file input_34.cif (mmCIF, N, CA and C atoms, pLDDT in the B column; chains and numbers go by the auth columns)
data_coords
#
loop_
_atom_site.group_PDB
_atom_site.id
_atom_site.type_symbol
_atom_site.label_atom_id
_atom_site.label_comp_id
_atom_site.label_asym_id
_atom_site.label_seq_id
_atom_site.Cartn_x
_atom_site.Cartn_y
_atom_site.Cartn_z
_atom_site.B_iso_or_equiv
_atom_site.auth_seq_id
_atom_site.auth_asym_id
ATOM 1 N N MET A 1 120.427 85.213 80.491 69.00 1 O
ATOM 2 C CA MET A 1 120.926 86.414 81.154 69.00 1 O
ATOM 3 C C MET A 1 122.386 86.156 81.536 69.00 1 O
ATOM 4 N N ALA A 2 123.227 87.121 81.237 78.00 2 O
ATOM 5 C CA ALA A 2 124.651 87.005 81.558 78.00 2 O
ATOM 6 C C ALA A 2 124.860 87.044 83.065 78.00 2 O
ATOM 7 N N MET A 3 125.892 86.357 83.498 85.00 3 O
ATOM 8 C CA MET A 3 126.166 86.266 84.939 85.00 3 O
ATOM 9 C C MET A 3 126.413 87.631 85.587 85.00 3 O
ATOM 10 N N PRO A 4 127.235 88.515 84.991 87.00 4 O
ATOM 11 C CA PRO A 4 127.439 89.827 85.648 87.00 4 O
ATOM 12 C C PRO A 4 126.141 90.618 85.778 87.00 4 O
ATOM 13 N N GLN A 5 125.290 90.530 84.770 88.00 5 O
ATOM 14 C CA GLN A 5 124.010 91.241 84.828 88.00 5 O
ATOM 15 C C GLN A 5 123.139 90.654 85.934 88.00 5 O
ATOM 16 N N ARG A 6 123.121 89.322 86.036 89.00 6 O
ATOM 17 C CA ARG A 6 122.338 88.660 87.070 89.00 6 O
ATOM 18 C C ARG A 6 122.853 89.042 88.459 89.00 6 O
ATOM 19 N N ASP A 7 124.167 89.069 88.614 91.00 7 O
ATOM 20 C CA ASP A 7 124.772 89.456 89.891 91.00 7 O
ATOM 21 C C ASP A 7 124.404 90.886 90.255 91.00 7 O
ATOM 22 N N ASN A 8 124.359 91.757 89.258 93.00 8 O
ATOM 23 C CA ASN A 8 123.970 93.151 89.495 93.00 8 O
ATOM 24 C C ASN A 8 122.529 93.229 89.981 93.00 8 O
ATOM 25 N N TYR A 9 121.653 92.466 89.352 93.00 9 O
ATOM 26 C CA TYR A 9 120.249 92.437 89.792 93.00 9 O
ATOM 27 C C TYR A 9 120.144 91.945 91.234 93.00 9 O
ATOM 28 N N ILE A 10 120.902 90.899 91.557 94.00 10 O
ATOM 29 C CA ILE A 10 120.858 90.353 92.911 94.00 10 O
ATOM 30 C C ILE A 10 121.337 91.393 93.920 94.00 10 O
ATOM 31 N N GLU A 11 122.401 92.115 93.594 97.00 11 O
ATOM 32 C CA GLU A 11 122.892 93.190 94.475 97.00 11 O
ATOM 33 C C GLU A 11 121.823 94.257 94.679 97.00 11 O
ATOM 34 N N GLN A 12 121.152 94.643 93.599 97.00 12 O
ATOM 35 C CA GLN A 12 120.106 95.664 93.700 97.00 12 O
ATOM 36 C C GLN A 12 118.946 95.169 94.564 97.00 12 O
ATOM 37 N N ILE A 13 118.592 93.894 94.426 97.00 13 O
ATOM 38 C CA ILE A 13 117.512 93.319 95.230 97.00 13 O
ATOM 39 C C ILE A 13 117.872 93.369 96.705 97.00 13 O
ATOM 40 N N HIS A 14 119.094 92.960 97.032 97.00 14 O
ATOM 41 C CA HIS A 14 119.531 92.980 98.434 97.00 14 O
ATOM 42 C C HIS A 14 119.537 94.402 98.991 97.00 14 O
ATOM 43 N N ARG A 15 119.980 95.358 98.176 98.00 15 O
ATOM 44 C CA ARG A 15 120.002 96.754 98.621 98.00 15 O
ATOM 45 C C ARG A 15 118.586 97.237 98.906 98.00 15 O
ATOM 46 N N LEU A 16 117.661 96.958 97.994 98.00 16 O
ATOM 47 C CA LEU A 16 116.275 97.375 98.196 98.00 16 O
ATOM 48 C C LEU A 16 115.658 96.706 99.422 98.00 16 O
ATOM 49 N N GLU A 17 115.968 95.431 99.630 98.00 17 O
ATOM 50 C CA GLU A 17 115.434 94.742 100.811 98.00 17 O
ATOM 51 C C GLU A 17 115.926 95.411 102.091 98.00 17 O
ATOM 52 N N GLY A 18 117.191 95.802 102.117 98.00 18 O
ATOM 53 C CA GLY A 18 117.738 96.493 103.283 98.00 18 O
ATOM 54 C C GLY A 18 117.088 97.840 103.494 98.00 18 O
ATOM 55 N N LEU A 19 116.882 98.576 102.404 98.00 19 O
ATOM 56 C CA LEU A 19 116.238 99.885 102.504 98.00 19 O
ATOM 57 C C LEU A 19 114.786 99.754 102.971 98.00 19 O
ATOM 58 N N ILE A 20 114.111 98.717 102.511 98.00 20 O
ATOM 59 C CA ILE A 20 112.737 98.478 102.950 98.00 20 O
ATOM 60 C C ILE A 20 112.709 98.188 104.444 98.00 20 O
ATOM 61 N N ALA A 21 113.628 97.347 104.915 98.00 21 O
ATOM 62 C CA ALA A 21 113.683 97.022 106.340 98.00 21 O
ATOM 63 C C ALA A 21 113.945 98.281 107.168 98.00 21 O
ATOM 64 N N PHE A 22 114.845 99.135 106.689 98.00 22 O
ATOM 65 C CA PHE A 22 115.148 100.366 107.412 98.00 22 O
ATOM 66 C C PHE A 22 113.930 101.288 107.442 98.00 22 O
ATOM 67 N N ALA A 23 113.257 101.427 106.303 98.00 23 O
ATOM 68 C CA ALA A 23 112.079 102.290 106.236 98.00 23 O
ATOM 69 C C ALA A 23 110.977 101.760 107.163 98.00 23 O
ATOM 70 N N GLU A 24 110.855 100.442 107.256 98.00 24 O
ATOM 71 C CA GLU A 24 109.869 99.861 108.174 98.00 24 O
ATOM 72 C C GLU A 24 110.218 100.185 109.617 98.00 24 O
ATOM 73 N N GLN A 25 111.501 100.122 109.973 98.00 25 O
ATOM 74 C CA GLN A 25 111.918 100.462 111.332 98.00 25 O
ATOM 75 C C GLN A 25 111.595 101.914 111.652 98.00 25 O
ATOM 76 N N GLN A 26 111.736 102.780 110.644 98.00 26 O
ATOM 77 C CA GLN A 26 111.473 104.200 110.826 98.00 26 O
ATOM 78 C C GLN A 26 109.982 104.528 110.697 98.00 26 O
ATOM 79 N N GLU A 27 109.192 103.503 110.386 98.00 27 O
ATOM 80 C CA GLU A 27 107.749 103.648 110.170 98.00 27 O
ATOM 81 C C GLU A 27 107.423 104.682 109.092 98.00 27 O
ATOM 82 N N ASP A 28 108.246 104.663 108.034 98.00 28 O
ATOM 83 C CA ASP A 28 108.040 105.538 106.874 98.00 28 O
ATOM 84 C C ASP A 28 107.329 104.717 105.801 98.00 28 O
ATOM 85 N N TRP A 29 106.010 104.595 105.961 98.00 29 O
ATOM 86 C CA TRP A 29 105.237 103.676 105.130 98.00 29 O
ATOM 87 C C TRP A 29 105.180 104.106 103.669 98.00 29 O
ATOM 88 N N ASP A 30 105.221 105.408 103.394 98.00 30 O
ATOM 89 C CA ASP A 30 105.246 105.858 101.997 98.00 30 O
ATOM 90 C C ASP A 30 106.530 105.394 101.314 98.00 30 O
ATOM 91 N N GLU A 31 107.643 105.493 102.026 98.00 31 O
ATOM 92 C CA GLU A 31 108.927 105.041 101.481 98.00 31 O
ATOM 93 C C GLU A 31 108.929 103.523 101.299 98.00 31 O
ATOM 94 N N VAL A 32 108.327 102.802 102.218 98.00 32 O
ATOM 95 C CA VAL A 32 108.238 101.345 102.089 98.00 32 O
ATOM 96 C C VAL A 32 107.504 100.995 100.798 98.00 32 O
ATOM 97 N N GLU A 33 106.392 101.626 100.556 98.00 33 O
ATOM 98 C CA GLU A 33 105.620 101.337 99.341 98.00 33 O
ATOM 99 C C GLU A 33 106.397 101.709 98.081 98.00 33 O
ATOM 100 N N ARG A 34 107.079 102.844 98.113 98.00 34 O
ATOM 101 C CA ARG A 34 107.873 103.274 96.956 98.00 34 O
ATOM 102 C C ARG A 34 108.982 102.259 96.658 98.00 34 O
ATOM 103 N N LEU A 35 109.660 101.799 97.696 98.00 35 O
ATOM 104 C CA LEU A 35 110.739 100.833 97.521 98.00 35 O
ATOM 105 C C LEU A 35 110.213 99.477 97.062 98.00 35 O
ATOM 106 N N LYS A 36 109.068 99.076 97.573 98.00 36 O
ATOM 107 C CA LYS A 36 108.472 97.810 97.150 98.00 36 O
ATOM 108 C C LYS A 36 108.111 97.857 95.669 98.00 36 O
ATOM 109 N N GLU A 37 107.645 98.996 95.218 98.00 37 O
ATOM 110 C CA GLU A 37 107.328 99.140 93.795 98.00 37 O
ATOM 111 C C GLU A 37 108.597 99.033 92.954 98.00 37 O
ATOM 112 N N GLN A 38 109.683 99.622 93.407 98.00 38 O
ATOM 113 C CA GLN A 38 110.966 99.494 92.695 98.00 38 O
ATOM 114 C C GLN A 38 111.391 98.032 92.654 98.00 38 O
ATOM 115 N N LEU A 39 111.219 97.318 93.760 97.00 39 O
ATOM 116 C CA LEU A 39 111.581 95.911 93.822 97.00 39 O
ATOM 117 C C LEU A 39 110.728 95.098 92.859 97.00 39 O
ATOM 118 N N ARG A 40 109.432 95.379 92.803 98.00 40 O
ATOM 119 C CA ARG A 40 108.544 94.662 91.858 98.00 40 O
ATOM 120 C C ARG A 40 109.015 94.857 90.419 98.00 40 O
ATOM 121 N N ARG A 41 109.347 96.113 90.071 96.00 41 O
ATOM 122 C CA ARG A 41 109.799 96.396 88.704 96.00 41 O
ATOM 123 C C ARG A 41 111.101 95.665 88.389 96.00 41 O
ATOM 124 N N LEU A 42 112.016 95.648 89.353 94.00 42 O
ATOM 125 C CA LEU A 42 113.289 94.964 89.156 94.00 42 O
ATOM 126 C C LEU A 42 113.071 93.458 88.965 94.00 42 O
ATOM 127 N N LEU A 43 112.183 92.876 89.764 93.00 43 O
ATOM 128 C CA LEU A 43 111.924 91.446 89.639 93.00 43 O
ATOM 129 C C LEU A 43 111.259 91.100 88.302 93.00 43 O
ATOM 130 N N GLU A 44 110.474 92.004 87.767 93.00 44 O
ATOM 131 C CA GLU A 44 109.863 91.787 86.454 93.00 44 O
ATOM 132 C C GLU A 44 110.926 91.719 85.362 93.00 44 O
ATOM 133 N N LEU A 45 112.015 92.483 85.523 86.00 45 O
ATOM 134 C CA LEU A 45 113.090 92.474 84.537 86.00 45 O
ATOM 135 C C LEU A 45 113.827 91.143 84.525 86.00 45 O
ATOM 136 N N MET A 46 113.863 90.481 85.662 81.00 46 O
ATOM 137 C CA MET A 46 114.569 89.203 85.747 81.00 46 O
ATOM 138 C C MET A 46 113.690 88.156 85.141 81.00 46 O
#

call {"tool": "encode", "arguments": {"input": "input_34.cif", "output": "structure tokens"}}
result
Amino acid sequence: MAMPQRDNYIEQIHRLEGLIAFAEQQEDWDEVERLKEQLRRLLELM
């Protein structure tokens, strides 16, 4: 995997982790699950 592509994946992972934390604070459990699924798919690509 090329370095810029890997860096992009890492940025996306960090963004999703932040969004998950925010959704948890807001107790928006449907959004938490949706974001976790996006994170799972992204990690599968790596």

call {"tool": "atom_distance", "arguments": {"input": "input_34.cif", "atom1": "atom CA of Leu35 of chain O", "atom2": "atom CA of Ala2 of chain O"}}
result
25.3 Å

call {"tool": "atom_distance", "arguments": {"input": "input_34.cif", "atom1": "atom CA of Leu16 of chain O", "atom2": "atom CA of Leu43 of chain O"}}
result
11.3 Å

call {"tool": "closest_residue", "arguments": {"input": "input_34.cif", "among": "O:Met3, O:Met46, O:Arg41, O:Val32", "to": "Glu17 of chain O", "atoms": "only C-alpha atoms"}}
result
O:Val32

call {"tool": "residues_around", "arguments": {"input": "input_34.cif", "residues": "Gln5 of chain O", "least_positions_apart": "6", "cutoff": "12 Å", "atoms": "only C-alpha atoms", "output": "list in words"}}
result
Glu11, Gln12, Leu45 and Met46 of chain O

call {"tool": "atom_distance", "arguments": {"input": "input_34.cif", "atom1": "atom CA of Asn8 of chain O", "atom2": "atom CA of Arg40 of chain O"}}
result
15.7 Å

call {"tool": "closest_residue", "arguments": {"input": "input_34.cif", "among": "O:Glu33, O:Glu27, O:Leu42, O:Phe22", "to": "Tyr9 of chain O", "atoms": "only N, CA and C atoms"}}
result
O:Leu42

call {"tool": "axis_aligned_box", "arguments": {"input": "input_34.cif", "around": "segment 14-18 of chain O", "padding_each_side": "5 Å", "output": "JSON"}}
result
{"center_x": 117.7, "center_y": 95.4, "center_z": 100.3, "size_x": 14.6, "size_y": 14.9, "size_z": 16.5}
